[in-house]
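Asks: Before I ask anything, let me first share the structure, which is written out below as structure tokens.
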Amino acid sequence: MFNKILPLIFISLPLFASGLTISITHPVKKSLPLTLQATAVVVAKNQSVITTQSAGIVHFFITQNAFVSRGDLIAKVNNPLRQKRLQFLKNRVALQTNELNTEKRKLKNIKEKYTMGVGSKNSYLSEKIAFSQLKETQENTQNEYDILLKEQLNAAIYAPKDGVVTNLSANNSFIHYGEKIASLLSADNFVKLFVDASYAQKIKKGMLVKVQSSYKNCNATIINVLPQSSDNLIEVMAKPTVKLPLNLQLNAQIELKILTGVLIPKEAIVLVNNHPTIYLIDEKNIAHLFFINIQKDMIQNALIKNRLPKNAKIALKNAYMLHDNLEVSVK
């Protein structure tokens, strides 16, 4: 009995399908970007090191991650021993300068007497040696004073440019001459993107990037692809159109290229032999199989290459029930 029913079912399928009612849609020409998803973070355009040209106890006048303008006071380096030494040397330089002036006048007198023949040569030479020794001593003292005075003048540390000061040394700690006390991040920020390394050859300078965050959405332009990678990700630098806060986490879309084709509803696409397909309906309401190439897959639509005939009518509703050369009713 069952064997007799099966042939009847297969015979009746074409009869049932031939009365299938469908709806149709028309393709829409469209240009859409081919995008690549990436994570990103806002980083400083550049980073410079702030060092001290003075030794002593550092006292900061700003807090960590504070924004500063060029010329703002960042810190002072206090050194009581240096200040005492400076005062001592200042007094000593003044004293030695007076002694040197006195010795200079004395040498002049002895030289004049020696020239006139009323003074001995030995006295003149001894006085000349004494003057040279005193002058050398005075110059050494003056040099030491000048070096310490320069350190004292450099004890006040100012911001060389606008930016954010970070990585501060411990406040009120002792620092040595030339030691780093902070980092200065430039006011201009970049977006650093982390992209799958397999796309390295496709990323080019000048490509548009759309960035999204809880702070603000904006565009950016790729300016460099860094020759380094970690965890199979390459780093790509982009310049945003607006200023973004440092360390802000972002989601990014890189526009690899612009795709041109036709947009159709995904409901119209079926798989035939594992290949995306649509059915075109001719003037006699006959369905014809048509293989397509999907360029971009979206939530509700798909962008396909435009190889369709002019004024094509695409089966929409009940498209999955069609087969080639099937007559249908168009609603």
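Ligands are numbered from 1 in the order shown, residues from 1 within each chain, and chains are lettered A, B, ... in the order they appear in the structure tokens.
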Write out as a PyMOL selection string each polymer residue whose atoms come within 7 Å of region 71-79 of chain A, counting only C-alpha atoms; drop sequence neighbours fewer than 6 positions from it.

Replies: chain A and resi 54-62+155-160
